[in-house]
$ cat final_32.txt   # compact mmCIF, C-alpha atoms and all ligand atoms
# COMPACT_ATOMS: atom_id res chain seq x y z
CA MET Q 18 0.00 0.00 0.00
CA CYS Q 19 1.48 3.41 -0.94
CA SER Q 20 1.28 6.57 1.12
CA ALA Q 21 2.24 10.11 0.19
CA ALA Q 22 5.29 11.87 1.63
CA ARG Q 23 6.18 15.55 1.38
CA PHE Q 24 9.63 16.11 -0.08
CA ASN Q 25 10.54 19.76 -0.58
CA THR Q 26 7.53 21.27 -2.35
CA TRP Q 27 6.64 18.13 -4.32
CA ARG Q 28 4.13 15.60 -3.16
CA LEU Q 29 5.55 12.20 -3.97
CA GLN Q 30 4.13 8.74 -3.59
CA VAL Q 31 6.30 6.40 -1.57
CA CYS Q 32 5.98 2.79 -0.48
CA PRO Q 33 7.33 2.56 3.09
CA HIS Q 34 7.77 -1.22 3.15
CA ASP Q 35 9.67 -1.73 -0.06
CA SER Q 36 11.19 -5.21 -0.04
CA PHE Q 37 14.35 -3.91 -1.74
CA PHE Q 38 15.17 -1.77 1.29
CA ASN Q 39 14.01 -4.18 3.99
CA SER Q 40 17.39 -5.78 4.48
CA CYS Q 41 19.58 -2.70 3.87
CA ARG Q 42 20.83 0.19 5.95
CA CYS Q 43 21.56 2.99 3.46
CA ILE Q 44 23.12 6.42 3.64
CA LEU Q 45 23.42 8.80 0.67
CA LEU Q 46 26.32 11.25 0.97
CA GLU Q 47 26.07 14.23 -1.40
CA LYS Q 48 28.85 16.77 -1.67
CA GLN Q 49 26.56 19.48 -3.04
CA SER Q 50 24.03 21.37 -0.94
CA GLN Q 51 21.17 19.91 -3.04
CA LEU Q 52 20.38 16.56 -4.60
CA ILE Q 53 20.22 16.05 -8.38
CA THR Q 54 22.96 18.40 -9.50
CA GLY Q 55 25.06 15.90 -11.47
CA ALA Q 56 24.41 14.13 -14.77
CA SER Q 57 20.93 13.15 -13.58
CA GLN Q 58 19.71 16.74 -13.61
CA GLY Q 59 20.55 17.39 -17.24
CA ASN Q 60 20.14 14.19 -19.18
CA SER Q 61 17.77 13.52 -22.08
CA ALA Q 62 15.26 11.72 -19.81
CA LEU Q 63 14.87 8.79 -22.19
CA LEU Q 64 14.02 5.41 -20.71
CA HIS Q 65 15.79 3.05 -23.07
CA VAL Q 66 14.49 -0.43 -23.74
CA GLY Q 67 17.96 -1.69 -24.70
CA PHE Q 68 17.31 -2.52 -28.34
CA ASP Q 69 20.72 -1.35 -29.56
CA ALA Q 70 23.01 -2.39 -26.72
CA LYS Q 71 25.83 -4.81 -27.41
CA PRO Q 72 24.40 -8.28 -26.68
CA GLY Q 73 25.88 -10.11 -23.71
CA THR Q 74 27.37 -7.01 -22.08
CA VAL Q 75 26.76 -5.82 -18.53
CA GLU Q 76 25.32 -2.62 -20.04
CA GLN Q 77 22.77 -4.57 -22.05
CA GLN Q 78 21.74 -6.59 -18.99
CA CYS Q 79 21.44 -3.44 -16.84
CA VAL Q 80 19.41 -1.52 -19.43
CA ARG Q 81 16.99 -4.44 -20.00
CA GLU Q 82 16.49 -5.15 -16.30
CA GLY Q 83 16.38 -1.42 -15.48
CA PHE Q 84 13.63 -0.89 -18.04
CA SER Q 85 11.38 -3.53 -16.45
CA LEU Q 86 12.16 -2.36 -12.92
CA MET Q 87 11.48 1.28 -13.75
CA MET Q 88 8.19 0.46 -15.48
CA HIS Q 89 7.05 -1.43 -12.39
CA LEU Q 90 8.36 1.13 -9.88
CA HIS Q 91 6.99 4.19 -11.67
CA LYS Q 92 3.53 2.61 -11.70
CA GLN Q 93 3.80 1.90 -7.98
CA LEU Q 94 5.04 5.43 -7.19
CA HIS Q 95 2.82 7.25 -9.68
CA VAL Q 96 5.86 8.82 -11.34
CA PRO Q 97 5.01 9.47 -14.99
CA VAL Q 98 6.52 7.44 -17.82
CA LYS Q 99 5.31 8.13 -21.33
CA ARG Q 100 5.82 5.29 -23.79
CA VAL Q 101 6.15 7.52 -26.86
CA GLY Q 102 8.25 5.15 -28.96
CA ALA Q 103 11.31 6.12 -30.98
CA LEU Q 104 12.19 6.32 -34.65
CA ILE Q 105 15.70 5.60 -35.89
CA ILE Q 106 15.65 7.46 -39.19
CA ALA Q 107 17.82 6.77 -42.21
CA TRP Q 108 18.65 9.94 -44.13
CA GLU Q 109 20.96 8.32 -46.65
CA GLN Q 110 21.02 5.12 -48.69
CA GLU Q 111 23.91 3.76 -46.65
CA GLN Q 112 21.92 4.21 -43.41
CA LEU Q 113 18.87 2.66 -45.06
CA SER Q 114 20.81 -0.52 -45.75
CA LYS Q 115 21.59 -0.85 -42.02
CA LEU Q 116 18.01 -0.69 -40.73
CA ALA Q 117 17.43 -4.44 -41.04
CA ASP Q 118 20.53 -5.01 -38.89
CA ILE Q 119 19.04 -2.76 -36.18
CA VAL Q 120 15.84 -4.84 -36.14
CA ARG Q 121 17.94 -8.04 -35.94
CA LEU Q 122 20.06 -6.62 -33.10
CA ALA Q 123 16.93 -5.60 -31.20
CA ALA Q 124 15.54 -9.15 -31.47
CA GLU Q 125 18.87 -10.53 -30.24
CA ASN Q 126 18.48 -8.21 -27.23
CA GLY Q 127 15.00 -9.57 -26.53
CA VAL Q 128 13.18 -6.56 -28.03
CA HIS Q 129 10.91 -8.26 -30.54
CA ASN Q 130 8.49 -5.48 -31.46
CA CYS Q 131 10.81 -3.22 -33.49
CA VAL Q 132 9.71 -2.85 -37.11
CA GLN Q 133 11.29 -1.43 -40.21
CA LEU Q 134 9.22 1.30 -41.90
CA THR Q 135 9.38 2.23 -45.55
CA ARG Q 136 9.69 5.91 -46.46
CA GLU Q 137 5.93 6.02 -47.15
CA GLN Q 138 5.02 4.38 -43.84
CA LEU Q 139 7.36 6.75 -42.00
CA LEU Q 140 5.96 9.91 -43.59
CA GLN Q 141 2.43 8.68 -42.97
CA ARG Q 142 3.29 8.29 -39.29
CA GLU Q 143 5.24 11.57 -39.09
CA PRO Q 144 3.90 13.85 -41.85
CA ASN Q 145 5.95 16.85 -40.65
CA LEU Q 146 9.25 15.02 -41.08
CA SER Q 147 11.55 16.18 -43.86
CA PRO Q 148 10.73 14.37 -47.13
CA LEU Q 149 14.45 13.59 -47.35
CA ALA Q 150 13.92 10.76 -44.84
CA GLN Q 151 14.48 7.37 -46.51
CA GLY Q 152 13.00 4.97 -43.96
CA ALA Q 153 13.20 4.12 -40.28
CA VAL Q 154 13.07 1.57 -37.52
CA TYR Q 155 10.19 2.08 -35.10
CA VAL Q 156 10.91 1.12 -31.47
CA PRO Q 157 7.49 1.18 -29.74
CA ASP Q 158 8.66 0.74 -26.13
CA GLU Q 159 11.15 3.62 -25.82
CA ALA Q 160 9.79 6.07 -23.24
CA VAL Q 161 10.37 9.50 -21.73
CA VAL Q 162 10.37 10.33 -18.03
CA ASP Q 163 10.56 13.48 -15.95
CA GLY Q 164 14.32 13.85 -15.61
CA TRP Q 165 14.26 15.58 -12.22
CA LEU Q 166 11.25 13.93 -10.62
CA THR Q 167 12.54 10.43 -11.36
CA PRO Q 168 15.74 10.51 -9.26
CA MET Q 169 14.04 12.70 -6.65
CA SER Q 170 11.26 10.16 -6.20
CA TYR Q 171 13.86 7.41 -5.74
CA ALA Q 172 15.53 9.48 -2.99
CA ALA Q 173 12.15 10.01 -1.31
CA GLN Q 174 11.46 6.28 -1.58
CA ALA Q 175 14.78 5.51 0.10
CA VAL Q 176 14.10 7.98 2.94
CA ALA Q 177 10.62 6.53 3.46
CA ASN Q 178 12.28 3.15 3.92
CA GLY Q 179 14.78 4.34 6.50
CA ALA Q 180 17.70 5.61 4.40
CA VAL Q 181 19.53 8.74 5.52
CA ILE Q 182 20.60 11.61 3.24
CA ARG Q 183 23.48 13.93 4.15
CA ARG Q 184 24.08 16.97 1.92
CA ASP Q 185 27.24 19.14 1.92
CA PHE Q 186 28.97 15.87 2.72
CA GLU Q 187 31.88 15.04 0.43
CA VAL Q 188 33.40 11.57 0.41
CA THR Q 189 37.17 12.07 0.44
CA GLY Q 190 38.35 8.51 0.81
CA GLY Q 191 37.38 4.95 1.56
CA MET Q 192 38.69 1.64 2.85
CA PRO Q 193 38.04 -1.83 1.40
C1 LIG Q 201 23.95 14.75 -21.92
C2 LIG Q 201 23.53 13.44 -21.29
C3 LIG Q 201 22.35 12.84 -21.70
C4 LIG Q 201 21.97 11.63 -21.12
N1 LIG Q 201 20.79 11.06 -21.48
C5 LIG Q 201 20.36 9.92 -20.89
C6 LIG Q 201 19.08 9.39 -21.20
O1 LIG Q 201 18.33 9.92 -22.01
N2 LIG Q 201 18.70 8.24 -20.58
C7 LIG Q 201 19.51 7.61 -19.66
O2 LIG Q 201 19.11 6.56 -19.12
N3 LIG Q 201 20.73 8.10 -19.33
C8 LIG Q 201 21.16 9.25 -19.91
N4 LIG Q 201 22.37 9.77 -19.57
C9 LIG Q 201 23.16 9.07 -18.56
C10 LIG Q 201 22.61 9.38 -17.16
O3 LIG Q 201 22.33 10.76 -17.01
C11 LIG Q 201 23.63 8.93 -16.10
O4 LIG Q 201 23.96 7.58 -16.31
C12 LIG Q 201 23.05 9.07 -14.68
O5 LIG Q 201 22.52 10.37 -14.49
C13 LIG Q 201 24.14 8.78 -13.65
O6 LIG Q 201 23.55 8.92 -12.37
P1 LIG Q 201 24.49 8.96 -11.12
O7 LIG Q 201 23.61 9.08 -9.91
O8 LIG Q 201 25.47 7.84 -11.19
O9 LIG Q 201 25.38 10.28 -11.32
P2 LIG Q 201 24.98 11.81 -11.03
O10 LIG Q 201 23.56 12.12 -11.36
O11 LIG Q 201 26.05 12.64 -11.69
O12 LIG Q 201 25.11 11.90 -9.47
C14 LIG Q 201 26.37 11.79 -8.83
C15 LIG Q 201 26.27 12.61 -7.56
O13 LIG Q 201 27.42 12.34 -6.76
C16 LIG Q 201 27.85 13.56 -6.20
N5 LIG Q 201 29.27 13.39 -5.88
C17 LIG Q 201 30.31 13.32 -6.75
N6 LIG Q 201 31.47 13.14 -6.07
C18 LIG Q 201 31.14 13.08 -4.75
C19 LIG Q 201 31.91 12.91 -3.55
N7 LIG Q 201 33.24 12.73 -3.56
N8 LIG Q 201 31.26 12.89 -2.36
C20 LIG Q 201 29.90 13.04 -2.30
N9 LIG Q 201 29.14 13.22 -3.42
C21 LIG Q 201 29.75 13.24 -4.62
C22 LIG Q 201 27.59 14.61 -7.27
O14 LIG Q 201 27.50 15.90 -6.72
C23 LIG Q 201 26.25 14.12 -7.85
O15 LIG Q 201 25.15 14.69 -7.18
C24 LIG Q 201 22.78 10.99 -20.14
C25 LIG Q 201 23.98 11.62 -19.72
C26 LIG Q 201 24.34 12.83 -20.28
C27 LIG Q 201 25.61 13.50 -19.81
$ encode --input "final_32.txt" --output "structure tokens" --more "lines below"
Ligand SMILES: Cc1cc2nc3c(=O)[nH]c(=O)nc-3n(C[C@H](O)[C@H](O)[C@H](O)COP(=O)(O)OP(=O)(O)OC[C@H]3O[C@@H](n4cnc5c(N)ncnc54)[C@H](O)[C@@H]3O)c2cc1C
Amino acid sequence: MCSAARFNTWRLQVCPHDSFFNSCRCILLEKQSQLITGASQGNSALLHVGFDAKPGTVEQQCVREGFSLMMHLHKQLHVPVKRVGALIIAWEQEQLSKLADIVRLAAENGVHNCVQLTREQLLQREPNLSPLAQGAVYVPDEAVVDGWLTPMSYAAQAVANGAVIRRDFEVTGGMP
């Protein structure tokens, strides 16, 4: 059962008995005076499905598992995810010849719903696109998130489950 927690001026949903945190004691040490000042505050906010990762790599495994976890967690926390899909567009003949490989790579990565679109199908879907487009691969599951709210809701979730956050707290060393 979720309850709401106030975190700065945002009202965020949190789940106080999250099984992930049950067995952990966590502390987040942040050298800045505020959270979300690093890469997370200025990224493109795309939730990748992992269609183009290199198969068998740690990155591919993390992106695939992260996608499922985030979809589940965002639903639980009422943090918006918009499954808008993505188009990988070929602008030149050489790029056009590689689209089939992208669909094959996606399938190898377990993403089976990518489809190759002809130029006509693409322009029908996106009529405002430049007519110079030659074709595309459509990736239906790619999604966008709120780039700031997403990490902030994770921090709130951690605090609701007993984690501690210290700001203005730089880590200067560590021991194994
Ligand atoms: C331009 C750009 C676009 C991107 N687009 C996407 C995208 O669309 N989708 C996607 O999934 N990923 C994207 N990424 C990657 C993504 O943003 C990062 O992988 C992610 O933000 C990393 O999160 P993080 O918490 O590890 O690092 P950060 O968000 O950078 O957080 C690290 C924190 O550690 C703090 N810190 C650093 N040193 C210390 C210290 N010694 N002591 C205490 N605190 C310290 C920093 O102040 C910072 O707050 C993009 C990255 C960039 C640069």
$ closest_residue --input "final_32.txt" --among "Q:Phe186, Q:Pro193, Q:Glu111, Q:Gly164" --to "Q:Ser50" --atoms "all atoms listed in the file"
Q:Phe186
$ atom_distance --input "final_32.txt" --atom1 "atom O5 of ligand LIG 201 (chain Q)" --atom2 "atom CA of Q:Gln49"
15.2 Å
$ residues_near_ligand --input "final_32.txt" --ligand "ligand LIG 201 (chain Q)" --cutoff "9 Å" --atoms "only C-alpha atoms and all ligand atoms" --output "PyMOL selection string"
chain Q and resi 45-65+80+161-162+164+168+184-190
$ residues_around --input "final_32.txt" --residues "Q:Ser147" --least-positions-apart "5" --cutoff "12 Å" --atoms "only C-alpha atoms" --output "tab-separated table (two decimals) with C-alpha atoms, keeping the file's coordinate frame"
chain	number	residue	atom	x	y	z
Q	106	ILE	CA	15.65	7.46	-39.19
Q	107	ALA	CA	17.82	6.77	-42.21
Q	108	TRP	CA	18.65	9.94	-44.13
Q	136	ARG	CA	9.69	5.91	-46.46
Q	139	LEU	CA	7.36	6.75	-42.00
Q	140	LEU	CA	5.96	9.91	-43.59
Q	141	GLN	CA	2.43	8.68	-42.97
Q	152	GLY	CA	13.00	4.97	-43.96
$ closest_residue --input "final_32.txt" --among "Q:Asp118, Q:Glu109, Q:Asp163, Q:Glu125" --to "Q:Gln151" --atoms "only C-alpha atoms"
Q:Glu109
$ closest_residue --input "final_32.txt" --among "Q:Ala117, Q:Val154, Q:Val128, Q:Leu90" --to "Q:Leu104" --atoms "all atoms listed in the file"
Q:Val154
$ closest_residue --input "final_32.txt" --among "Q:Pro157, Q:Ala177, Q:Asn126, Q:Glu137" --to "Q:Thr74" --atoms "all atoms listed in the file"
Q:Asn126
$ atom_distance --input "final_32.txt" --atom1 "atom CA of Q:Val96" --atom2 "atom CA of Q:Glu159"
16.3 Å
$ residues_near_point --input "final_32.txt" --point "(17.6, -10.8, -26.7)" --cutoff "12 Å" --atoms "only C-alpha atoms" --output "MDAnalysis selection string"
chainID Q and resid 66:74 77:78 80:82 120:130
$ write_last_selection --input "final_32.txt" --atoms "C-alpha atoms" --output "CSV table (one decimal), in the coordinates of the input"
chain,number,residue,atom,x,y,z
Q,66,VAL,CA,14.5,-0.4,-23.7
Q,67,GLY,CA,18.0,-1.7,-24.7
Q,68,PHE,CA,17.3,-2.5,-28.3
Q,69,ASP,CA,20.7,-1.4,-29.6
Q,70,ALA,CA,23.0,-2.4,-26.7
Q,71,LYS,CA,25.8,-4.8,-27.4
Q,72,PRO,CA,24.4,-8.3,-26.7
Q,73,GLY,CA,25.9,-10.1,-23.7
Q,74,THR,CA,27.4,-7.0,-22.1
Q,77,GLN,CA,22.8,-4.6,-22.0
Q,78,GLN,CA,21.7,-6.6,-19.0
Q,80,VAL,CA,19.4,-1.5,-19.4
Q,81,ARG,CA,17.0,-4.4,-20.0
Q,82,GLU,CA,16.5,-5.2,-16.3
Q,120,VAL,CA,15.8,-4.8,-36.1
Q,121,ARG,CA,17.9,-8.0,-35.9
Q,122,LEU,CA,20.1,-6.6,-33.1
Q,123,ALA,CA,16.9,-5.6,-31.2
Q,124,ALA,CA,15.5,-9.2,-31.5
Q,125,GLU,CA,18.9,-10.5,-30.2
Q,126,ASN,CA,18.5,-8.2,-27.2
Q,127,GLY,CA,15.0,-9.6,-26.5
Q,128,VAL,CA,13.2,-6.6,-28.0
Q,129,HIS,CA,10.9,-8.3,-30.5
Q,130,ASN,CA,8.5,-5.5,-31.5
$ atom_distance --input "final_32.txt" --atom1 "atom CA of Q:Glu143" --atom2 "atom CA of Q:Ile119"
20.1 Å
$ residues_around --input "final_32.txt" --residues "Q:Cys43" --least-positions-apart "3" --cutoff "10 Å" --atoms "only C-alpha atoms" --output "tab-separated table (two decimals) with C-alpha atoms, in the frame of the given file"
chain	number	residue	atom	x	y	z
Q	38	PHE	CA	15.17	-1.77	1.29
Q	40	SER	CA	17.39	-5.78	4.48
Q	46	LEU	CA	26.32	11.25	0.97
Q	175	ALA	CA	14.78	5.51	0.10
Q	176	VAL	CA	14.10	7.98	2.94
Q	178	ASN	CA	12.28	3.15	3.92
Q	179	GLY	CA	14.78	4.34	6.50
Q	180	ALA	CA	17.70	5.61	4.40
Q	181	VAL	CA	19.53	8.74	5.52
Q	182	ILE	CA	20.60	11.61	3.24
$ closest_residue --input "final_32.txt" --among "Q:Ala172, Q:Ala103, Q:Val98, Q:Val75" --to "Q:Val156" --atoms "all atoms listed in the file"
Q:Ala103
